[in-house]
Structures are given as structure tokens and as C-alpha cells.
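Following: one structure in C-alpha cells, then a few remarks.
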Amino acid sequence: MIIELDSVELYFDKRRILNGIYLKAETGKITGLLGRNGCGKSCLLQILFGSLHPKYKFIKIDGKPMLKPLYSQQNSAYLPQHHLAPDHLKIKTLFQLLLLDWKAFISHFESFSPYYNSKLNQISGGERRVIETYAVLKQAGDIILLDEPFSNIAPLYVETIKQLISAEKAQKAIIITDHYYRDVIDICDELYLLSNGCTKKIENLEELEDYNYLNLGSL
């Protein structure tokens, strides 16, 4: 499956945020989206998901125009920057509602074992991010959108999540954005840079320095 986002125009109070956008993701590949803070990466994922309405957009799935929002279809899952589940929801309830296997989760994150009966607001923000990222990754969709999955997460957990993302790509098209650019680069098969409202396909990592996203010698 191939999903393409094209010709996006987004304005806030007459200020142009996005214009000249093209982004492509496909099953079997992780597509990374890099860019400076405030450049519109989250907006782009929201537009793709259907929760933000730009002036114009064109989305295709397998070459055919997508006529309904992605969120209204059962083939997608989206991890936003904000908390995904209610604060007072018990972790065991979340796993039951989403038909997730707690034992499978604990096999990856053993230190979470005592949290089964805890509420989401009783664990740290980073631990909550791990649980919500895992929940989104394990949904039975073809398209996964991840906005800042590594945010505030302990390095040990980041490595495990990277492994899980890589394992899921065999049957899913995954788009990921995060300001931890090294982690994004590490797992991505395709890479785009969002700058000045436009996306640029990155064929060589040195282009990230050429476009002034990274300082010379950062790679």
C-alpha cells in the first residue's frame, strides 16, 4: 500500500505555514519527517490524519484519491504529541479495550510489570509515552503516524521502541517525526525535510547540512 500527500496549502491568520508539500509512505518502509520546531511537522500529520483542515490538500492511496478522512477508516492509527488516553483510565483497561497482550508488552518492558492496575496519571510522562506508543504501533491498521514517539523517554526504552517500529513496518506504512533526529535517521528507509513550508526528499544525509537543518559536522 502506498499513501501520498500532495499540494498542501495551510494558512494561520493569513500566514502561510505549508505550501509545496509532497510526502510518500508505503508498506514495508519507515518514512521520517525532519524539521525545526514550529515548521509544521505536526500540522502535516494532522492534515494527513484528517483532524486539521488546510486550504487545500490531495491525498492518494494506491493511486486513487482518498475521499474520506483517514481517521474515519479502520486502517490507520495516530500518536499525537499530547496524551492519547484519559488520565484516570487504568492501564489494564486500556489494554483490554484495545485487545493488547499485556504479557507481550512486558516481554519488551519488564520494569512496567507493577503498573498493570495503575492509572495512566500515576506513572511518569515518559512511561506513559511508552505505553501509548506501543498501543498505537500494535493497532491492526495499514498506516501508522507517530508524532514525537521518543519524547521524554529513557534511552533504554527508546532503543526498544525503535526495534518495535522496525518490526511493524513489514505490514504497515509508518511515518515518524521527532526532534531526536538521530533516532529517526537510524530507523528510516525514506527521509523528508520540512523547511520554509516545503518538503524536500533527502537522498544523502549531507543534504541536512546543506539545507541548514544540521550544523556542519553534526553527522
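Ordering of the C-alpha cells sets the chain letters (A, B, ...), residue numbers begin anew at 1 in every chain, and ligands are numbered from 1 in the order given.
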- Message: Give me the residues near Leu208 of chain A as a PyMOL selection string, where near means some atom within 9 Å (using only C-alpha atoms) and where sequence neighbours in that chain fewer than 6 positions away do not count.
- Response: chain A and resi 193+202+214-215+219
Quick one: write out the picked residues with C-alpha atoms as a PDB file, in the first residue's frame?
```pdb
ATOM      1  CA  LEU A 193      12.956  17.556   5.431  1.00  0.00           C
ATOM      2  CA  ILE A 202      16.657  13.661   1.334  1.00  0.00           C
ATOM      3  CA  LEU A 214      22.072  20.461  10.950  1.00  0.00           C
ATOM      4  CA  ASN A 215      25.299  22.276  11.684  1.00  0.00           C
ATOM      5  CA  LEU A 219      26.556  13.843  11.270  1.00  0.00           C
TER       6      LEU A 219
END
```
Residues of segment 140-190 of chain A that approach segment 26-31 of chain A to 10 Å or less, counting only C-alpha atoms: could you list each one with the shortest pair of atoms and its distance in Å to one decimal, rows by chain and increasing residue number, as JSON lines?
```
{"residue": "A:Asp142", "atom": "CA", "partner": "A:Thr27", "partner_atom": "CA", "distance": 7.4}
{"residue": "A:Ile143", "atom": "CA", "partner": "A:Thr27", "partner_atom": "CA", "distance": 8.1}
{"residue": "A:Ile144", "atom": "CA", "partner": "A:Ile30", "partner_atom": "CA", "distance": 9.6}
{"residue": "A:Leu145", "atom": "CA", "partner": "A:Thr31", "partner_atom": "CA", "distance": 9.7}
{"residue": "A:Ile165", "atom": "CA", "partner": "A:Ile30", "partner_atom": "CA", "distance": 8.2}
{"residue": "A:Ser166", "atom": "CA", "partner": "A:Ile30", "partner_atom": "CA", "distance": 7.5}
{"residue": "A:Ala167", "atom": "CA", "partner": "A:Gly28", "partner_atom": "CA", "distance": 9.6}
{"residue": "A:Glu168", "atom": "CA", "partner": "A:Gly28", "partner_atom": "CA", "distance": 8.4}
{"residue": "A:Lys169", "atom": "CA", "partner": "A:Gly28", "partner_atom": "CA", "distance": 4.8}
{"residue": "A:Ala170", "atom": "CA", "partner": "A:Gly28", "partner_atom": "CA", "distance": 4.5}
{"residue": "A:Gln171", "atom": "CA", "partner": "A:Thr27", "partner_atom": "CA", "distance": 5.9}
{"residue": "A:Lys172", "atom": "CA", "partner": "A:Thr27", "partner_atom": "CA", "distance": 4.8}
{"residue": "A:Ala173", "atom": "CA", "partner": "A:Thr27", "partner_atom": "CA", "distance": 4.1}
{"residue": "A:Ile174", "atom": "CA", "partner": "A:Ile30", "partner_atom": "CA", "distance": 4.9}
{"residue": "A:Ile175", "atom": "CA", "partner": "A:Thr31", "partner_atom": "CA", "distance": 4.7}
{"residue": "A:Ile176", "atom": "CA", "partner": "A:Thr31", "partner_atom": "CA", "distance": 6.3}
{"residue": "A:Thr177", "atom": "CA", "partner": "A:Thr31", "partner_atom": "CA", "distance": 8.7}
{"residue": "A:Val184", "atom": "CA", "partner": "A:Thr31", "partner_atom": "CA", "distance": 8.9}
{"residue": "A:Ile185", "atom": "CA", "partner": "A:Thr31", "partner_atom": "CA", "distance": 9.5}
{"residue": "A:Ile187", "atom": "CA", "partner": "A:Ile30", "partner_atom": "CA", "distance": 7.1}
{"residue": "A:Cys188", "atom": "CA", "partner": "A:Ile30", "partner_atom": "CA", "distance": 4.9}
{"residue": "A:Asp189", "atom": "CA", "partner": "A:Ile30", "partner_atom": "CA", "distance": 5.3}
{"residue": "A:Glu190", "atom": "CA", "partner": "A:Thr31", "partner_atom": "CA", "distance": 4.7}
```
Could the residues in this selection be written to a file with N, CA and C atoms, as an mmCIF file, in the first residue's frame?
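See out06.cif below for the written result:
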```
data_model
loop_
_atom_site.group_PDB
_atom_site.id
_atom_site.type_symbol
_atom_site.label_atom_id
_atom_site.label_comp_id
_atom_site.auth_asym_id
_atom_site.auth_seq_id
_atom_site.Cartn_x
_atom_site.Cartn_y
_atom_site.Cartn_z
ATOM 1 N N ASP A 142 -3.064 -0.284 8.501
ATOM 2 C CA ASP A 142 -2.039 -0.309 7.463
ATOM 3 C C ASP A 142 -1.162 0.935 7.510
ATOM 4 N N ILE A 143 -1.643 1.992 8.196
ATOM 5 C CA ILE A 143 -0.933 3.272 8.219
ATOM 6 C C ILE A 143 -0.770 3.716 9.671
ATOM 7 N N ILE A 144 0.465 4.000 10.063
ATOM 8 C CA ILE A 144 0.763 4.439 11.422
ATOM 9 C C ILE A 144 1.469 5.790 11.364
ATOM 10 N N LEU A 145 0.938 6.767 12.095
ATOM 11 C CA LEU A 145 1.537 8.101 12.168
ATOM 12 C C LEU A 145 2.032 8.326 13.589
ATOM 13 N N ILE A 165 9.142 -0.483 16.202
ATOM 14 C CA ILE A 165 8.735 0.232 14.991
ATOM 15 C C ILE A 165 9.267 -0.494 13.754
ATOM 16 N N SER A 166 10.521 -0.885 13.802
ATOM 17 C CA SER A 166 11.141 -1.578 12.670
ATOM 18 C C SER A 166 10.454 -2.915 12.397
ATOM 19 N N ALA A 167 10.020 -3.589 13.463
ATOM 20 C CA ALA A 167 9.351 -4.882 13.299
ATOM 21 C C ALA A 167 7.969 -4.723 12.671
ATOM 22 N N GLU A 168 7.297 -3.603 12.964
ATOM 23 C CA GLU A 168 5.933 -3.394 12.466
ATOM 24 C C GLU A 168 5.894 -2.973 11.001
ATOM 25 N N LYS A 169 6.996 -2.492 10.469
ATOM 26 C CA LYS A 169 6.959 -1.939 9.112
ATOM 27 C C LYS A 169 6.702 -2.995 8.043
ATOM 28 N N ALA A 170 6.900 -4.255 8.358
ATOM 29 C CA ALA A 170 6.692 -5.304 7.357
ATOM 30 C C ALA A 170 5.266 -5.308 6.818
ATOM 31 N N GLN A 171 4.306 -4.948 7.680
ATOM 32 C CA GLN A 171 2.910 -4.956 7.242
ATOM 33 C C GLN A 171 2.233 -3.587 7.317
ATOM 34 N N LYS A 172 3.036 -2.535 7.586
ATOM 35 C CA LYS A 172 2.446 -1.211 7.746
ATOM 36 C C LYS A 172 3.305 -0.140 7.072
ATOM 37 N N ALA A 173 2.650 0.931 6.661
ATOM 38 C CA ALA A 173 3.355 2.139 6.225
ATOM 39 C C ALA A 173 3.446 3.056 7.436
ATOM 40 N N ILE A 174 4.653 3.419 7.830
ATOM 41 C CA ILE A 174 4.866 4.177 9.065
ATOM 42 C C ILE A 174 5.514 5.521 8.738
ATOM 43 N N ILE A 175 4.923 6.587 9.269
ATOM 44 C CA ILE A 175 5.504 7.929 9.166
ATOM 45 C C ILE A 175 5.831 8.400 10.560
ATOM 46 N N ILE A 176 7.051 8.875 10.755
ATOM 47 C CA ILE A 176 7.503 9.269 12.085
ATOM 48 C C ILE A 176 8.200 10.622 12.025
ATOM 49 N N THR A 177 7.914 11.452 13.015
ATOM 50 C CA THR A 177 8.630 12.710 13.160
ATOM 51 C C THR A 177 9.036 12.864 14.614
ATOM 52 N N VAL A 184 15.469 9.057 14.459
ATOM 53 C CA VAL A 184 14.653 8.998 13.238
ATOM 54 C C VAL A 184 15.501 8.492 12.076
ATOM 55 N N ILE A 185 16.669 9.077 11.893
ATOM 56 C CA ILE A 185 17.559 8.679 10.809
ATOM 57 C C ILE A 185 17.934 7.203 10.930
ATOM 58 N N ILE A 187 16.349 4.591 11.953
ATOM 59 C CA ILE A 187 15.385 3.540 11.590
ATOM 60 C C ILE A 187 14.661 3.795 10.269
ATOM 61 N N CYS A 188 14.863 4.953 9.667
ATOM 62 C CA CYS A 188 14.071 5.305 8.485
ATOM 63 C C CYS A 188 14.651 4.752 7.178
ATOM 64 N N ASP A 189 13.731 4.387 6.289
ATOM 65 C CA ASP A 189 14.107 3.953 4.945
ATOM 66 C C ASP A 189 14.033 5.117 3.960
ATOM 67 N N GLU A 190 13.126 6.056 4.228
ATOM 68 C CA GLU A 190 12.985 7.261 3.406
ATOM 69 C C GLU A 190 12.962 8.456 4.353
#
```
- Message: What parts of segment 33-175 of chain A does DSSP call alpha helix (DSSP H)? I'd like the answer as a ChimeraX atom specification.
- Response: /A:41-49,91-97,102-108,125-137,155-168
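Residues in contact with Pro69 of chain A at up to 10 Å, not including ones fewer than 2 positions away on its chain and judged by only C-alpha atoms, are A:Ile47, A:Leu48, A:Phe49, A:Gly50, A:Ser51, A:Ile59, A:Met66, A:Leu67, A:Tyr71, A:Ser72, A:Gln73.
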- Item | Non-local contacts of Lys90 of chain A (7 Å; only C-alpha atoms; under 2 positions in same chain excluded) as a ChimeraX atom specification | /A:88,92-94,117-120
- Looking at only C-alpha atoms, which of A:Lys201, A:Glu132, A:Met1, A:Tyr116 is the one that sits closest to Lys103 of chain A? A:Tyr116
